[in-house]
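Quick look at target18.json (JSON, C-alpha atoms and all ligand atoms):
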[["chain", "number", "residue", "atom", "x", "y", "z"],
["F", 1, "MET", "CA", 8.91, 17.50, 26.49],
["F", 2, "THR", "CA", 5.42, 17.30, 24.97],
["F", 3, "ASP", "CA", 2.56, 15.29, 26.45],
["F", 4, "LEU", "CA", 1.27, 14.37, 22.99],
["F", 5, "ILE", "CA", 2.27, 11.00, 21.57],
["F", 6, "LEU", "CA", 1.24, 10.12, 18.02],
["F", 7, "TYR", "CA", 1.12, 6.45, 17.05],
["F", 8, "HIS", "CA", 1.21, 6.50, 13.28],
["F", 9, "ALA", "CA", 2.65, 5.13, 10.06],
["F", 10, "LEU", "CA", 4.49, 7.26, 7.53],
["F", 11, "PHE", "CA", 2.61, 5.89, 4.53],
["F", 12, "SER", "CA", -0.83, 5.94, 6.14],
["F", 13, "THR", "CA", -3.12, 8.58, 4.68],
["F", 14, "CYS", "CA", -5.08, 8.82, 7.95],
["F", 15, "SER", "CA", -1.81, 9.44, 9.81],
["F", 16, "GLN", "CA", -0.80, 12.04, 7.22],
["F", 17, "LYS", "CA", -4.01, 13.93, 7.91],
["F", 18, "VAL", "CA", -3.24, 14.14, 11.63],
["F", 19, "ARG", "CA", 0.43, 15.00, 11.05],
["F", 20, "PHE", "CA", -0.68, 17.89, 8.81],
["F", 21, "ALA", "CA", -3.12, 19.18, 11.44],
["F", 22, "LEU", "CA", -0.52, 18.94, 14.21],
["F", 23, "ALA", "CA", 2.06, 20.75, 12.09],
["F", 24, "ALA", "CA", -0.39, 23.43, 10.91],
["F", 25, "LYS", "CA", -1.16, 24.13, 14.56],
["F", 26, "GLY", "CA", 2.53, 24.14, 15.50],
["F", 27, "LEU", "CA", 2.07, 21.32, 18.00],
["F", 28, "ALA", "CA", 5.08, 19.18, 18.87],
["F", 29, "TYR", "CA", 4.55, 15.49, 19.54],
["F", 30, "GLN", "CA", 6.47, 12.34, 20.29],
["F", 31, "SER", "CA", 6.40, 10.11, 17.24],
["F", 32, "GLN", "CA", 5.76, 6.40, 17.72],
["F", 33, "ILE", "CA", 5.92, 4.59, 14.40],
["F", 34, "VAL", "CA", 3.59, 1.60, 14.18],
["F", 35, "ASP", "CA", 4.97, -0.84, 11.60],
["F", 36, "LEU", "CA", 1.92, -2.03, 9.67],
["F", 37, "THR", "CA", 4.05, -4.41, 7.60],
["F", 38, "ARG", "CA", 4.84, -6.27, 10.82],
["F", 39, "ASN", "CA", 1.21, -6.06, 11.99],
["F", 40, "GLU", "CA", 2.19, -4.04, 15.05],
["F", 41, "HIS", "CA", -1.25, -2.41, 14.89],
["F", 42, "LEU", "CA", -2.81, -5.80, 15.66],
["F", 43, "GLN", "CA", -0.74, -6.57, 18.77],
["F", 44, "ASP", "CA", -2.42, -6.57, 22.17],
["F", 45, "ASP", "CA", -0.55, -3.52, 23.48],
["F", 46, "TYR", "CA", -1.66, -1.40, 20.50],
["F", 47, "LEU", "CA", -5.23, -2.76, 20.53],
["F", 48, "ALA", "CA", -5.38, -1.67, 24.17],
["F", 49, "ILE", "CA", -5.11, 1.97, 23.08],
["F", 50, "ASN", "CA", -6.91, 1.59, 19.73],
["F", 51, "PRO", "CA", -9.47, -1.21, 19.75],
["F", 52, "ASN", "CA", -10.05, -0.64, 16.00],
["F", 53, "GLY", "CA", -6.54, -1.86, 15.20],
["F", 54, "VAL", "CA", -5.77, 1.02, 12.84],
["F", 55, "VAL", "CA", -3.51, 4.05, 12.90],
["F", 56, "PRO", "CA", -3.37, 6.82, 13.95],
["F", 57, "THR", "CA", -3.89, 7.11, 17.69],
["F", 58, "LEU", "CA", -3.04, 10.24, 19.63],
["F", 59, "VAL", "CA", -2.32, 9.93, 23.33],
["F", 60, "ASP", "CA", -2.65, 13.18, 25.28],
["F", 61, "HIS", "CA", -1.60, 13.14, 28.94],
["F", 62, "GLY", "CA", -2.14, 9.37, 28.90],
["F", 63, "ALA", "CA", -5.62, 9.50, 27.29],
["F", 64, "PRO", "CA", -5.87, 7.76, 23.90],
["F", 65, "ILE", "CA", -7.91, 9.45, 21.17],
["F", 66, "VAL", "CA", -8.71, 7.41, 18.07],
["F", 67, "ASP", "CA", -9.93, 8.21, 14.56],
["F", 68, "SER", "CA", -8.10, 10.80, 12.50],
["F", 69, "SER", "CA", -11.09, 13.17, 12.24],
["F", 70, "VAL", "CA", -11.79, 12.96, 15.96],
["F", 71, "ILE", "CA", -8.10, 13.60, 16.64],
["F", 72, "CYS", "CA", -8.04, 16.67, 14.36],
["F", 73, "GLU", "CA", -11.10, 18.12, 16.05],
["F", 74, "TYR", "CA", -9.75, 17.21, 19.49],
["F", 75, "ILE", "CA", -6.46, 19.03, 19.04],
["F", 76, "ASP", "CA", -8.26, 22.07, 17.67],
["F", 77, "ASP", "CA", -10.47, 22.05, 20.74],
["F", 78, "ALA", "CA", -7.76, 21.35, 23.30],
["F", 79, "TYR", "CA", -5.05, 23.56, 21.75],
["F", 80, "PRO", "CA", -6.90, 26.51, 20.20],
["F", 81, "SER", "CA", -4.05, 28.99, 19.70],
["F", 82, "VAL", "CA", -4.08, 28.31, 15.92],
["F", 83, "LEU", "CA", -7.59, 27.36, 14.80],
["F", 84, "LEU", "CA", -8.47, 25.02, 11.94],
["F", 85, "THR", "CA", -12.20, 25.17, 12.68],
["F", 86, "PRO", "CA", -14.60, 28.04, 11.93],
["F", 87, "THR", "CA", -15.61, 29.99, 15.00],
["F", 88, "ASN", "CA", -19.29, 30.20, 14.05],
["F", 89, "ALA", "CA", -21.75, 27.31, 14.29],
["F", 90, "ILE", "CA", -22.79, 27.38, 10.64],
["F", 91, "GLY", "CA", -19.15, 27.26, 9.54],
["F", 92, "ARG", "CA", -18.48, 24.31, 11.85],
["F", 93, "ALA", "CA", -21.50, 22.50, 10.43],
["F", 94, "ALA", "CA", -20.22, 23.13, 6.90],
["F", 95, "MET", "CA", -16.77, 21.81, 7.85],
["F", 96, "ARG", "CA", -18.22, 18.64, 9.38],
["F", 97, "THR", "CA", -20.48, 18.10, 6.38],
["F", 98, "TRP", "CA", -17.37, 18.06, 4.15],
["F", 99, "MET", "CA", -15.50, 15.84, 6.58],
["F", 100, "ARG", "CA", -18.32, 13.27, 6.69],
["F", 101, "TYR", "CA", -18.51, 13.31, 2.90],
["F", 102, "PHE", "CA", -14.77, 12.70, 2.52],
["F", 103, "GLU", "CA", -14.88, 9.96, 5.16],
["F", 104, "GLU", "CA", -17.85, 8.29, 3.49],
["F", 105, "VAL", "CA", -16.87, 8.67, -0.15],
["F", 106, "THR", "CA", -13.28, 9.76, -0.79],
["F", 107, "THR", "CA", -11.12, 8.14, 1.89],
["F", 108, "PRO", "CA", -12.52, 4.62, 1.41],
["F", 109, "ALA", "CA", -12.31, 5.06, -2.38],
["F", 110, "ILE", "CA", -8.57, 5.65, -2.44],
["F", 111, "ARG", "CA", -7.96, 2.39, -0.56],
["F", 112, "ALA", "CA", -8.25, -0.23, -3.34],
["F", 113, "PRO", "CA", -6.35, 1.72, -6.04],
["F", 114, "SER", "CA", -3.72, 2.54, -3.47],
["F", 115, "TYR", "CA", -3.31, -1.08, -2.42],
["F", 116, "ASN", "CA", -3.10, -2.25, -6.01],
["F", 117, "ALA", "CA", -0.41, 0.29, -6.84],
["F", 118, "LEU", "CA", 1.61, 0.14, -3.64],
["F", 119, "PHE", "CA", 0.84, -2.56, -1.13],
["F", 120, "ALA", "CA", -0.89, -5.60, -2.65],
["F", 121, "ARG", "CA", 2.27, -7.19, -3.94],
["F", 122, "GLY", "CA", 4.05, -6.94, -0.59],
["F", 123, "ILE", "CA", 1.03, -8.21, 1.37],
["F", 124, "ASN", "CA", 0.55, -11.20, -0.93],
["F", 125, "ALA", "CA", 4.27, -11.97, -0.77],
["F", 126, "ARG", "CA", 3.97, -12.54, 2.98],
["F", 127, "GLY", "CA", 2.01, -15.71, 2.29],
["F", 128, "GLU", "CA", -1.51, -16.82, 3.15],
["F", 129, "ALA", "CA", -0.72, -18.27, 6.58],
["F", 130, "ILE", "CA", 0.60, -14.95, 7.92],
["F", 131, "ASN", "CA", -2.16, -12.99, 6.19],
["F", 132, "ARG", "CA", -4.92, -15.23, 7.53],
["F", 133, "ALA", "CA", -3.57, -14.90, 11.09],
["F", 134, "ALA", "CA", -3.46, -11.11, 10.65],
["F", 135, "ARG", "CA", -7.01, -10.96, 9.26],
["F", 136, "GLU", "CA", -8.31, -12.93, 12.21],
["F", 137, "ARG", "CA", -6.97, -10.26, 14.55],
["F", 138, "MET", "CA", -8.45, -7.35, 12.57],
["F", 139, "PRO", "CA", -11.33, -5.62, 14.33],
["F", 140, "LEU", "CA", -12.35, -3.54, 11.27],
["F", 141, "ARG", "CA", -10.72, -4.63, 8.02],
["F", 142, "ARG", "CA", -11.02, -8.42, 7.82],
["F", 143, "ARG", "CA", -13.66, -8.38, 5.06],
["F", 144, "PHE", "CA", -11.71, -5.82, 3.06],
["F", 145, "TYR", "CA", -8.54, -7.93, 3.09],
["F", 146, "GLU", "CA", -10.50, -11.05, 2.24],
["F", 147, "LYS", "CA", -11.21, -9.42, -1.12],
["F", 148, "LEU", "CA", -7.51, -9.10, -1.91],
["F", 149, "GLU", "CA", -6.70, -11.50, -4.76],
["F", 150, "PRO", "CA", -3.26, -12.57, -6.03],
["F", 151, "GLU", "CA", -3.43, -9.78, -8.63],
["F", 152, "GLY", "CA", -4.79, -7.19, -6.19],
["F", 153, "PHE", "CA", -8.35, -5.93, -5.78],
["F", 154, "ALA", "CA", -10.80, -6.69, -8.58],
["F", 155, "ALA", "CA", -11.37, -4.31, -11.48],
["F", 156, "SER", "CA", -15.00, -3.80, -10.38],
["F", 157, "LEU", "CA", -13.81, -2.42, -7.03],
["F", 158, "ILE", "CA", -11.32, -0.14, -8.76],
["F", 159, "GLU", "CA", -14.07, 1.10, -11.09],
["F", 160, "GLU", "CA", -16.30, 1.92, -8.15],
["F", 161, "SER", "CA", -13.38, 3.68, -6.45],
["F", 162, "VAL", "CA", -12.64, 5.80, -9.51],
["F", 163, "GLU", "CA", -16.31, 6.75, -9.73],
["F", 164, "ARG", "CA", -16.29, 7.89, -6.10],
["F", 165, "LEU", "CA", -13.01, 9.78, -6.47],
["F", 166, "GLU", "CA", -14.39, 11.49, -9.56],
["F", 167, "ALA", "CA", -17.55, 12.48, -7.67],
["F", 168, "SER", "CA", -15.38, 13.91, -4.88],
["F", 169, "LEU", "CA", -13.35, 15.99, -7.33],
["F", 170, "VAL", "CA", -16.50, 17.31, -9.00],
["F", 171, "ARG", "CA", -17.90, 18.40, -5.65],
["F", 172, "VAL", "CA", -14.69, 20.08, -4.49],
["F", 173, "ASP", "CA", -14.19, 21.74, -7.88],
["F", 174, "LYS", "CA", -17.67, 23.21, -7.62],
["F", 175, "ALA", "CA", -16.92, 24.66, -4.17],
["F", 176, "LEU", "CA", -13.58, 26.12, -5.28],
["F", 177, "SER", "CA", -14.85, 27.52, -8.56],
["F", 178, "ASP", "CA", -15.81, 30.88, -7.01],
["F", 179, "GLY", "CA", -12.08, 31.53, -6.52],
["F", 180, "ARG", "CA", -11.91, 30.69, -2.82],
["F", 181, "PRO", "CA", -8.50, 29.37, -1.76],
["F", 182, "TYR", "CA", -9.80, 26.67, 0.59],
["F", 183, "ILE", "CA", -12.84, 24.44, 0.70],
["F", 184, "LEU", "CA", -14.72, 26.58, 3.22],
["F", 185, "GLY", "CA", -13.52, 29.95, 1.96],
["F", 186, "PRO", "CA", -10.54, 32.11, 2.90],
["F", 187, "ASP", "CA", -9.22, 29.92, 5.71],
["F", 188, "LEU", "CA", -7.58, 26.52, 5.84],
["F", 189, "SER", "CA", -9.73, 24.08, 7.83],
["F", 190, "ILE", "CA", -9.88, 20.43, 8.82],
["F", 191, "ALA", "CA", -12.03, 19.89, 5.70],
["F", 192, "ASP", "CA", -8.99, 20.61, 3.48],
["F", 193, "ILE", "CA", -6.76, 18.49, 5.71],
["F", 194, "THR", "CA", -9.19, 15.57, 5.51],
["F", 195, "LEU", "CA", -9.13, 15.63, 1.73],
["F", 196, "LEU", "CA", -5.42, 16.27, 1.19],
["F", 197, "PRO", "CA", -3.91, 12.80, 1.75],
["F", 198, "SER", "CA", -6.34, 11.19, -0.71],
["F", 199, "VAL", "CA", -5.47, 13.69, -3.44],
["F", 200, "VAL", "CA", -1.73, 13.36, -2.78],
["F", 201, "ARG", "CA", -2.08, 9.57, -2.96],
["F", 202, "MET", "CA", -4.00, 9.90, -6.24],
["F", 203, "ALA", "CA", -1.13, 11.96, -7.63],
["F", 204, "ASP", "CA", 1.42, 9.46, -6.37],
["F", 205, "ILE", "CA", -0.27, 6.50, -8.03],
["F", 206, "GLY", "CA", -0.73, 8.17, -11.38],
["F", 207, "MET", "CA", -4.31, 9.47, -11.07],
["F", 208, "ALA", "CA", -3.56, 13.20, -11.38],
["F", 209, "SER", "CA", -5.04, 13.21, -14.88],
["F", 210, "MET", "CA", -8.42, 13.05, -13.14],
["F", 211, "TRP", "CA", -8.16, 16.75, -12.32],
["F", 212, "ARG", "CA", -6.40, 17.93, -15.47],
["F", 213, "SER", "CA", -9.65, 19.51, -16.66],
["F", 214, "ARG", "CA", -10.29, 21.00, -13.20],
["F", 215, "PRO", "CA", -7.56, 23.59, -12.53],
["F", 216, "THR", "CA", -9.13, 24.54, -9.19],
["F", 217, "ILE", "CA", -8.00, 21.20, -7.75],
["F", 218, "GLY", "CA", -4.41, 21.56, -8.98],
["F", 219, "GLN", "CA", -4.27, 25.11, -7.61],
["F", 220, "TRP", "CA", -5.68, 23.99, -4.25],
["F", 221, "LEU", "CA", -3.12, 21.15, -4.13],
["F", 222, "ALA", "CA", -0.28, 23.55, -4.96],
["F", 223, "ARG", "CA", -1.49, 25.84, -2.15],
["F", 224, "MET", "CA", -1.67, 22.97, 0.32],
["F", 225, "SER", "CA", 1.78, 21.70, -0.67],
["F", 226, "ALA", "CA", 3.26, 25.18, -0.18],
["F", 227, "ASN", "CA", 2.08, 25.18, 3.44],
["F", 228, "PRO", "CA", 5.07, 24.39, 5.72],
["F", 229, "ALA", "CA", 2.89, 21.71, 7.35],
["F", 230, "PHE", "CA", 3.09, 19.74, 4.10],
["F", 231, "ALA", "CA", 6.83, 19.06, 4.33],
["F", 232, "ALA", "CA", 6.42, 18.17, 8.01],
["F", 233, "THR", "CA", 3.65, 15.72, 7.10],
["F", 234, "TYR", "CA", 5.44, 14.06, 4.21],
["F", 235, "SER", "CA", 8.81, 13.48, 5.83],
["F", 236, "PRO", "CA", 11.12, 11.09, 3.94],
["F", 237, "GLY", "CA", 9.57, 7.64, 3.81],
["F", 238, "SER", "CA", 5.99, 8.94, 3.57],
["F", 239, "ARG", "CA", 5.50, 8.68, -0.18],
["F", 240, "PRO", "CA", 6.16, 6.22, -2.99],
["F", 241, "GLY", "CA", 9.71, 6.51, -4.15],
["F", 242, "ASP", "CA", 10.83, 6.99, -0.55],
["F", 243, "ASN", "CA", 10.46, 3.32, 0.22],
["F", 244, "ILE", "CA", 11.87, 0.28, -1.47],
["F", 245, "LEU", "CA", 8.80, -1.78, -0.59],
["F", 246, "THR", "CA", 6.74, 0.10, -3.15],
["F", 247, "ALA", "CA", 5.93, -1.28, -6.55],
["F", 248, "VAL", "CA", 4.56, 1.76, -8.33],
["F", 249, "ASP", "CA", 5.62, 2.65, -11.84],
["F", 250, "PRO", "CA", 8.36, 5.31, -11.39],
["F", 251, "ALA", "CA", 6.87, 7.35, -14.24],
["F", 252, "SER", "CA", 3.76, 7.96, -12.17],
["F", 253, "ARG", "CA", 5.47, 9.49, -9.17],
["F", 254, "PRO", "CA", 5.37, 13.25, -9.03],
["F", 255, "HIS", "CA", 7.33, 13.45, -5.85],
["F", 256, "THR", "CA", 8.19, 16.96, -4.86],
["F", 257, "ALA", "CA", 6.03, 20.07, -4.60],
["F", 258, "PHE", "CA", 3.01, 20.06, -6.88],
["F", 259, "GLN", "CA", 2.61, 22.41, -9.79],
["F", 260, "SER", "CA", -0.76, 23.96, -10.37],
["F", 261, "VAL", "CA", -2.07, 22.56, -13.63],
["Y", 301, "LIG", "N1", -11.39, 5.94, 10.47],
["Y", 301, "LIG", "C1", -10.02, 5.67, 10.82],
["Y", 301, "LIG", "C2", -9.41, 4.78, 9.79],
["Y", 301, "LIG", "C3", -7.93, 4.54, 10.06],
["Y", 301, "LIG", "C4", -7.31, 3.59, 9.05],
["Y", 301, "LIG", "O1", -7.99, 2.99, 8.23],
["Y", 301, "LIG", "N2", -5.99, 3.49, 9.10],
["Y", 301, "LIG", "C5", -5.29, 2.63, 8.18],
["Y", 301, "LIG", "C6", -4.08, 3.33, 7.61],
["Y", 301, "LIG", "S1", -4.58, 4.79, 6.71],
["Y", 301, "LIG", "C7", -4.80, 1.40, 8.93],
["Y", 301, "LIG", "O2", -4.35, 1.49, 10.04],
["Y", 301, "LIG", "N3", -4.89, 0.23, 8.31],
["Y", 301, "LIG", "C8", -4.46, -0.97, 8.94],
["Y", 301, "LIG", "C9", -4.72, -2.15, 8.09],
["Y", 301, "LIG", "O3", -5.05, -1.98, 6.94],
["Y", 301, "LIG", "O4", -4.57, -3.26, 8.61],
["Y", 301, "LIG", "C10", -9.26, 6.98, 10.97],
["Y", 301, "LIG", "O5", -9.56, 7.92, 10.21],
["Y", 301, "LIG", "O6", -8.37, 7.08, 11.83]]
Mind converting the file's structure to structure tokens?
Amino acid sequence: MTDLILYHALFSTCSQKVRFALAAKGLAYQSQIVDLTRNEHLQDDYLAINPNGVVPTLVDHGAPIVDSSVICEYIDDAYPSVLLTPTNAIGRAAMRTWMRYFEEVTTPAIRAPSYNALFARGINARGEAINRAARERMPLRRRFYEKLEPEGFAASLIEESVERLEASLVRVDKALSDGRPYILGPDLSIADITLLPSVVRMADIGMASMWRSRPTIGQWLARMSANPAFAATYSPGSRPGDNILTAVDPASRPHTAFQSV
């Protein structure tokens, strides 16, 4: 029996990042699904281990660790038999520079398009009374959800998101254009794992055309999806098409392994 417990949601990109890191390192864990549609992440018992009221949370020997990037670095530190972090200081700095960039620019940018394609309809269908009560319990995301309109997030927010996603792709394309297989060079690192769920989500909501003119991104995605950790991360129920709650256009759902384009 493992001492690692992961509180996560199948559809959550931040949870997907941690599941990929755990799988790439060959670490077993007990899976505790937190049902975001039932606001389980906002209940007192969950807030006691994650005061931010978001998933994922990893509990190791009873100690909760929050934030997907912190969790990825923690497991690499605590369980170093397979390393996802460069062993030299300059490499670690480079990895963290990429991680901060993705956290600042890319990960928040996928949120609004993702909600509009997949979640907005279901959230709005719950009704304002339930949604207001949920927002009032949210330590981090109240203002974000306040911007959710009956038709989803506003076009201006989507435009800003697309601009940020585009900037992310340009930057990654530039790094990969010397032929390196991964963002830092020859080895898979937490930088790749931080980016992956956003790019997979882009593909799943019909945004793959954004890298049609950048084959490096498609090749990187194909490489990442060929890693056995990918299938472990995206178990059934983790992607649109797996779940009847989704409202995405079926035509925009590349669902199995990615082709390099
Ligand atoms: N910085 C946090 C962000 C976690 C986060 O935003 N999780 C989302 C799912 S990907 C969540 O729990 N959202 C809850 C909500 O929207 O109410 C991390 O990387 O762990």
Using only C-alpha atoms and all ligand atoms, find each residue of chain F with at least one atom at most 8 Å away from an atom of ligand LIG 301 (chain Y); report its shortest atom-to-atom pair and that distance in Å (one decimal), sort the rows by chain and rising residue number, and return the result as a Markdown table.
| residue | atom | partner | partner_atom | distance |
| --- | --- | --- | --- | --- |
| F:Ala9 | CA | Y:LIG301 | C6 | 7.4 |
| F:Phe11 | CA | Y:LIG301 | S1 | 7.6 |
| F:Ser12 | CA | Y:LIG301 | S1 | 4.0 |
| F:Thr13 | CA | Y:LIG301 | S1 | 4.5 |
| F:Cys14 | CA | Y:LIG301 | S1 | 4.2 |
| F:Ser15 | CA | Y:LIG301 | S1 | 6.2 |
| F:Leu36 | CA | Y:LIG301 | C8 | 6.5 |
| F:Asn39 | CA | Y:LIG301 | O4 | 7.3 |
| F:His41 | CA | Y:LIG301 | C8 | 6.9 |
| F:Leu42 | CA | Y:LIG301 | O4 | 7.7 |
| F:Gly53 | CA | Y:LIG301 | O2 | 6.5 |
| F:Val54 | CA | Y:LIG301 | O2 | 3.2 |
| F:Val55 | CA | Y:LIG301 | O2 | 3.9 |
| F:Pro56 | CA | Y:LIG301 | O6 | 5.4 |
| F:Thr57 | CA | Y:LIG301 | O6 | 7.4 |
| F:Val66 | CA | Y:LIG301 | O6 | 6.3 |
| F:Asp67 | CA | Y:LIG301 | O6 | 3.3 |
| F:Ser68 | CA | Y:LIG301 | O6 | 3.8 |
| F:Ser69 | CA | Y:LIG301 | O5 | 5.8 |
| F:Val70 | CA | Y:LIG301 | O6 | 8.0 |
| F:Glu103 | CA | Y:LIG301 | N1 | 7.5 |
| F:Met138 | CA | Y:LIG301 | O4 | 6.9 |
| F:Arg141 | CA | Y:LIG301 | O4 | 6.3 |
| F:Tyr145 | CA | Y:LIG301 | O3 | 7.9 |
Next item on the list: May I ask which of the residues F:Glu151, F:Asp187, F:Glu136, F:Glu104 is the closest one to Val82 of chain F, counting all atoms listed in the file?
Entry: F:Asp187
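For Ser31 of chain F, the list of residues within 10 Å, based on all atoms listed in the file and with local chain neighbours fewer than 6 positions off taken out, reads Leu4, Ile5, Leu6, Tyr7, His8, Ala9, Arg19 and Leu58 of chain F.
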Write out as a tab-separated table a residue-level contact list of segment 17-101 of chain F versus segment 222-233 of chain F with cut-off 7 Å: for each qualifying residue the closest pair of atoms and the distance in Å to one decimal, counting only C-alpha atoms, rows sorted by chain and residue number upward.
residue	atom	partner	partner_atom	distance
F:Arg19	CA	F:Thr233	CA	5.1
F:Phe20	CA	F:Thr233	CA	5.1
F:Ala23	CA	F:Ala229	CA	4.9
F:Ala24	CA	F:Ala229	CA	5.1
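Ranking F:Ser168, F:Val200, F:Glu163, F:Pro150 by their shortest atom-to-atom distance to Arg126 of chain F, with only C-alpha atoms included, puts F:Pro150 first.
Compared by their closest atoms to Leu188 of chain F, and using all atoms listed in the file, the residues F:Val59, F:Ala155, F:Ala112, F:Met95 rank with F:Met95 nearest.
Remark: for Thr106 of chain F, the closest of the candidate residues F:Leu184, F:Val162, F:Val18, F:Ala203 is F:Val162 (distances computed over all atoms listed in the file).
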Next item on the list: May I ask for the distance between atom CA of Ile49 of chain F and atom CA of Gly62 of chain F, given in Å to one decimal place?
Entry: 9.9 Å
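Among the candidates F:Arg121, F:Arg137, F:Arg132, F:Arg171, the residue lying nearest to Phe102 of chain F is F:Arg171 (atoms considered: all atoms listed in the file).
Across the model, the gap from atom CA of Val199 of chain F to atom CA of Gln16 of chain F is 11.8 Å.
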Next item on the list: With a distance cut-off of 10 Å and only C-alpha atoms, select the neighbouring residues of Arg92 of chain F, excluding the residue or stretch itself and same-chain residues fewer than 4 positions from it, and output the selection as a count of residues only.
Entry: 11
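For the pair atom CA of Arg212 of chain F and atom CA of Leu169 of chain F, the interatomic distance is 10.9 Å.
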Checklist line | Residues near Leu148 of chain F, cut-off 10 Å, only C-alpha atoms, skip fewer than 4 positions along chain, as JSON, numbers by chain | finding: {"F": [112, 115, 116, 120, 123, 124, 143, 144, 152, 153, 154]}
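Residue nearest Ala94 of chain F within the list F:Pro240, F:Ser213, F:Gly26, F:Ala175: F:Ala175 [criterion: smallest interatomic distance, only C-alpha atoms].
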Each side padded by 6 Å, which centre and which edge lengths in Å (one decimal) define the axis-aligned box around the listed atoms of segment 198-212 of chain F? Give them as lines of an AutoDock Vina configuration file.
center_x = -3.5
center_y = 12.2
center_z = -8.1
size_x = 21.8
size_y = 23.4
size_z = 26.8
